[in-house]
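Here is the structure we will look at, set down as structure tokens.
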Amino acid sequence: MPPSSITAPDTAPAAEQLGWVSCPDCGWLLYRKRLDRNLSVCPECDHHLRLSARARIELLADPGSFCEAFFSPGPHDPLEFSDLREYPDRLQEAAHRSGESEAVVVGTAGIGGTGVVLAVMDFAFLGGSMGVEVGRRVSGAARLAAERDMPLVTVCASGGARMQEGVFSLFQMARASAAFARLREAGLLSVCVLTDPTYGGVSASFATLGSVLVGERGAHIGFAGPRVVQETIRAELPADFQTAEFLLAHGLVDRVENRAELRPLLIRLLALHRRRPAPRAESAPRRLGRPPAAEVDPWEVVQRARVTERPTTLDYLHTAFDDFVELHGDRAFGDDPALVGGVASIGGRTVVVIGHEKGHTVKERVARNFGMPHPEGYRKALRLLDHAEAFGLPVVTLVDTPGAHPGPEAEERGQSHAIAEIIQRSSRLRVPVVAVVTGEGGSGGALALCTSDRLLVLENAYLSVISPEGCAAILWRTSTAAPTAARAMRLGAPHLHETGIATSVVPEPPDGAHTDPDAAAQILREALLHELDDLGRLDVPALLEARSRRLTRIGGDDVWFLQPVPVVVSEGG
């Protein structure tokens with residue numbers, strides 16, 4: 001069923017009576033029945049017209065599954081506010097125009113068969129402004145989700161805080177945020193769908209605190225509205241300022257979706273985060289390629305690892321895994337295309353996958369910065385590690401990078417800090433971590449995704465403290481000595497496995513992964529399932545202890561003093 005009601009403030013009354021609606025963006029006259037069939041999206045300019053709360057529920061929930069939650073009456077006019085009209089009169093008019101008792105509707109529903117708590121805002125009720133009652137209902141929705149052990153889906157549409165309720169309205173930001181914090185502590189998924197418009201106190205509280213943030217295409221989202229911004233700073237704003245697409249480019253939302261894609265996306269996200277016991281491995285790994293070579297010339301390994309046709313992270317995500325929902329951005333600065341990540345399923349398990357992405361063509365490689373992440377890429381990965389721990393999901397990392405981006409802008413944004421933070425976080429993450437070196441593994445930029453319980457390395461992949469060319473330029477004073485440097489550093493899978501740095505070597509098809517990507521993906525899939533099944537038997541203390549012990553023993557055990565070390569204490573001490 002298409003959504004049954006829309007808010008179109010610019011509709012001409014005469015045309016409305018004849019069953020026509022004027023698009024508020026392009027002005028085109030649209031036949032209402034056609035518009036309803038198109039989910040209230042203008043077929044001429046793709047403008048997403050505003051929907052009522054009930055229409056949103058009809059769009060997202062399984063038919064007939066919504067059961068509304070009703071709340072005991074609260075204070076209606078805490079300040080006894082009056083401007084040109086009495087505040088109670090404004091509330092009464094808003095209720096009449098919107099058909100709702102407040103600016104948010106709460107209840108339980110099914111989405112793709114998964115039970116959820118829904119909290120949907122209605123902009124037609126006083127611009128979706130957040131007063132005490134909205135704060136009560138949103139925090140009540142979060143509490144209901146926690147009590148019933150259900151995910152929470154909110155659909156946001158708001159102009160900001162409600163001025164008629166003064167500081168009481170302001171503190172609903174803290175009230176709702178605290179409720180979302182308790183939900184996060186309980187390990188329950190929250191998805192916030194940001195629609196047009198989402199501003200002020202709602203955007204600066206629960207609307208941007210969801211586990212996953214999804215912007216509806218073309219929605220305007222921000223703290224202060226564009227007119228306020230322009231009047232304050234007296235500067236020309238970008239054409240796409242504060243649109244959902246603007247936020248995606250700046251790393252502030254996970255995804256931007258057309259209205260028709262919102263429900264399918266929610267179904268996938270809910271299925272991937274459904275709590276279920278980890279299944280057994282599909283089978284013991286069977287080797288589809290030849291056994292790992294005992295000795296391969298390290299320079300030849302380097303050359304094979306750099307083949308442009310070699311499968312990338314996105315290739316493996318589409319072949320070795322069953323489903324993948326990419327999540328974007330570091331929620332602070334940007335979305336780095338050199339590092340991709342999200343939630344995936346493999347053999348009945350849900351995992352978080354993070355990996356470097358180079359692309360194949362020259363255009364793709366330039367766009368992906370040749371797989372060399374900026375700090376925002378590593379901070380995106382750090383956010384995804386937090387997501388994995390919050391929902392008890394194992395982590396799989398796919399490593400293929402010449403190294404972290406070395407430019408001045410990366411230094412300005414704290415490249416060293418970003419790498420150090422992700423290494424530290426990985427070392428104590430309370431879920432299993434399986435890292436796979438699929439190609440190049442250059443320096444700290446690669447190590448950031450290699451701090452793990454198990455480190456797998458593909459047969460024609462390598463890890464190195466520096467590129468062979470860089471080593472040759474420093475120690476041999478010429479980059480032409482790169483083959484010699486590669487051999488001196490013993491680059492390649494055999495050395496990594498012999499020394500205990502890599503826990504296993506994953507064979508490739510006879511002439512390399514790029515010659516038969518599907519076979520390479522199947523071998524990798526089976527190796528991952530084996531490791532995930534094995535690690536799934538460990539409880540958290542055993543997992544952390546084994547990881548710490550493994551890292552400690554690389555290059556030799558910790559030093560234990562053979563004799564007591566004297567402690568010097570000053571006289572005043």
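Within each chain, counting starts at residue 1; across the structure tokens, chains are named A, B, ... in the order shown, with ligands numbered 1 upward in that order.
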
Query - Nearby residues (only C-alpha atoms) at most 9 Å from A:Ala179, same-chain spacing under 5 positions excluded, as number ranges by chain - result: A: 138-143, 174, 184, 206

Query - Shell of 7 Å around A:Gly342, only C-alpha atoms, local chain residues under 5 positions omitted, as a list of chain:residue names - result: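 In the requested format, the answer is A:Phe324, A:Val325, A:Glu326, A:Leu327, A:Val352, A:Val353, A:Ile354.
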
Query - Contacts of A:Ala271 within 9 Å, only C-alpha atoms, excl. fewer than 5 positions in-chain, as number ranges by chain - result: A: 112, 114, 266

For the residues in the current selection, export N, CA, C and O atoms as a compact mmCIF listing (two decimals), in the first residue's frame.
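Written out: out-v4.txt:
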# COMPACT_ATOMS: atom_id res chain seq x y z
N GLY A 112 10.00 -6.67 7.95
CA GLY A 112 10.57 -7.88 7.37
C GLY A 112 10.53 -9.05 8.32
O GLY A 112 11.38 -9.94 8.26
N THR A 114 10.94 -8.95 11.58
CA THR A 114 11.67 -8.67 12.82
C THR A 114 10.90 -7.66 13.64
O THR A 114 10.52 -6.59 13.13
N LEU A 266 16.39 -1.45 5.88
CA LEU A 266 16.09 -1.76 7.28
C LEU A 266 15.96 -3.26 7.49
O LEU A 266 16.44 -3.81 8.49

Query raised in the report: Can you list every residue in stretch 53-111 of chain A that DSSP puts in strand (DSSP E or B), as number ranges by chain?
Result: A: 67-68, 82, 86, 104-111

Dump all heavy atoms for the selected residues as a short mmCIF file (atom, residue, chain, number, x, y, z; two decimals), in the first residue's frame?
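Writing the result to out.cif gives the following:
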data_model
loop_
_atom_site.label_atom_id
_atom_site.label_comp_id
_atom_site.auth_asym_id
_atom_site.auth_seq_id
_atom_site.Cartn_x
_atom_site.Cartn_y
_atom_site.Cartn_z
N CYS A 67 1.39 -1.59 16.32
CA CYS A 67 0.57 -1.50 17.52
C CYS A 67 1.03 -0.27 18.30
O CYS A 67 2.14 -0.26 18.83
CB CYS A 67 0.71 -2.77 18.37
SG CYS A 67 -0.29 -2.76 19.87
N GLU A 68 0.18 0.74 18.35
CA GLU A 68 0.59 2.02 18.94
C GLU A 68 0.70 1.93 20.46
O GLU A 68 -0.11 1.27 21.13
CB GLU A 68 -0.38 3.12 18.54
CG GLU A 68 0.07 4.49 18.96
CD GLU A 68 -0.76 5.60 18.34
OE1 GLU A 68 -1.65 5.31 17.50
OE2 GLU A 68 -0.50 6.78 18.66
N SER A 82 2.56 32.43 26.30
CA SER A 82 1.64 33.10 25.39
C SER A 82 2.41 34.09 24.55
O SER A 82 3.24 34.85 25.06
CB SER A 82 0.54 33.82 26.19
OG SER A 82 -0.32 34.52 25.31
N GLU A 86 -2.41 31.87 22.74
CA GLU A 86 -2.13 31.01 23.88
C GLU A 86 -1.54 29.69 23.37
O GLU A 86 -1.98 29.15 22.35
CB GLU A 86 -3.41 30.73 24.66
CG GLU A 86 -4.06 31.95 25.28
CD GLU A 86 -3.23 32.55 26.41
OE1 GLU A 86 -2.57 31.76 27.13
OE2 GLU A 86 -3.22 33.78 26.55
N VAL A 104 5.29 13.05 17.70
CA VAL A 104 5.91 11.74 17.50
C VAL A 104 4.89 10.65 17.83
O VAL A 104 4.09 10.79 18.77
CB VAL A 104 7.19 11.58 18.37
CG1 VAL A 104 6.88 11.63 19.85
CG2 VAL A 104 7.93 10.30 18.02
N VAL A 105 4.91 9.61 17.02
CA VAL A 105 4.04 8.44 17.22
C VAL A 105 4.94 7.26 17.55
O VAL A 105 5.93 7.00 16.85
CB VAL A 105 3.21 8.15 15.96
CG1 VAL A 105 2.36 6.90 16.16
CG2 VAL A 105 2.34 9.35 15.60
N VAL A 106 4.60 6.52 18.61
CA VAL A 106 5.43 5.41 19.09
C VAL A 106 4.62 4.13 19.10
O VAL A 106 3.41 4.14 19.40
CB VAL A 106 5.99 5.71 20.51
CG1 VAL A 106 6.74 4.51 21.07
CG2 VAL A 106 6.89 6.94 20.48
N GLY A 107 5.26 3.03 18.79
CA GLY A 107 4.60 1.73 18.88
C GLY A 107 5.54 0.62 18.50
O GLY A 107 6.73 0.84 18.22
N THR A 108 5.03 -0.60 18.49
CA THR A 108 5.81 -1.76 18.05
C THR A 108 5.30 -2.18 16.68
O THR A 108 4.15 -1.95 16.32
CB THR A 108 5.70 -2.93 19.03
OG1 THR A 108 4.31 -3.29 19.16
CG2 THR A 108 6.26 -2.56 20.39
N ALA A 109 6.17 -2.82 15.92
CA ALA A 109 5.81 -3.25 14.57
C ALA A 109 6.77 -4.33 14.12
O ALA A 109 7.80 -4.60 14.76
CB ALA A 109 5.85 -2.07 13.60
N GLY A 110 6.45 -4.95 13.00
CA GLY A 110 7.37 -5.85 12.33
C GLY A 110 7.93 -5.18 11.09
O GLY A 110 7.22 -4.47 10.39
N ILE A 111 9.19 -5.39 10.84
CA ILE A 111 9.81 -4.93 9.60
C ILE A 111 10.54 -6.13 9.01
O ILE A 111 11.55 -6.59 9.56
CB ILE A 111 10.78 -3.75 9.83
CG1 ILE A 111 10.03 -2.55 10.40
CG2 ILE A 111 11.47 -3.35 8.52
CD1 ILE A 111 10.91 -1.31 10.64
#

Requested in this report: One decimal, Å: what's the distance from atom CA of A:Asp89 over to atom CA of A:Ala157, could you say?
Outcome: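 Between atom CA of A:Asp89 and atom CA of A:Ala157 the gap works out to 22.5 Å.
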
Report task. With a distance cut-off of 7 Å and only C-alpha atoms, select the neighbouring residues of stretch 411-426 of chain A, excluding the residue or stretch itself and same-chain residues fewer than 2 positions from it, and output the selection as a PyMOL selection string. Result -> chain A and resi 374-375+378-379+382+407-409+428-429+448+451-452

Could those selected residues go to a file with C-alpha atoms, as an mmCIF file, in the first residue's frame?
data_model
loop_
_atom_site.group_PDB
_atom_site.id
_atom_site.type_symbol
_atom_site.label_atom_id
_atom_site.label_comp_id
_atom_site.auth_asym_id
_atom_site.auth_seq_id
_atom_site.Cartn_x
_atom_site.Cartn_y
_atom_site.Cartn_z
ATOM 1 C CA HIS A 374 43.729 9.192 5.602
ATOM 2 C CA PRO A 375 43.090 9.529 9.370
ATOM 3 C CA TYR A 378 41.196 4.723 10.310
ATOM 4 C CA ARG A 379 38.677 6.557 12.499
ATOM 5 C CA LEU A 382 37.684 2.522 14.823
ATOM 6 C CA GLY A 407 50.517 13.890 2.848
ATOM 7 C CA PRO A 408 50.476 17.108 4.903
ATOM 8 C CA GLU A 409 46.676 17.048 5.256
ATOM 9 C CA ARG A 428 41.707 -5.266 23.672
ATOM 10 C CA LEU A 429 38.571 -5.687 21.579
ATOM 11 C CA ALA A 448 46.436 -0.908 11.943
ATOM 12 C CA THR A 451 46.317 -6.523 15.356
ATOM 13 C CA SER A 452 44.242 -9.668 15.688
#

Query raised in the report: Quick one: DSSP alpha helix (DSSP H) residues in stretch 67-270 of chain A, as a count of residues only?
Result: 78
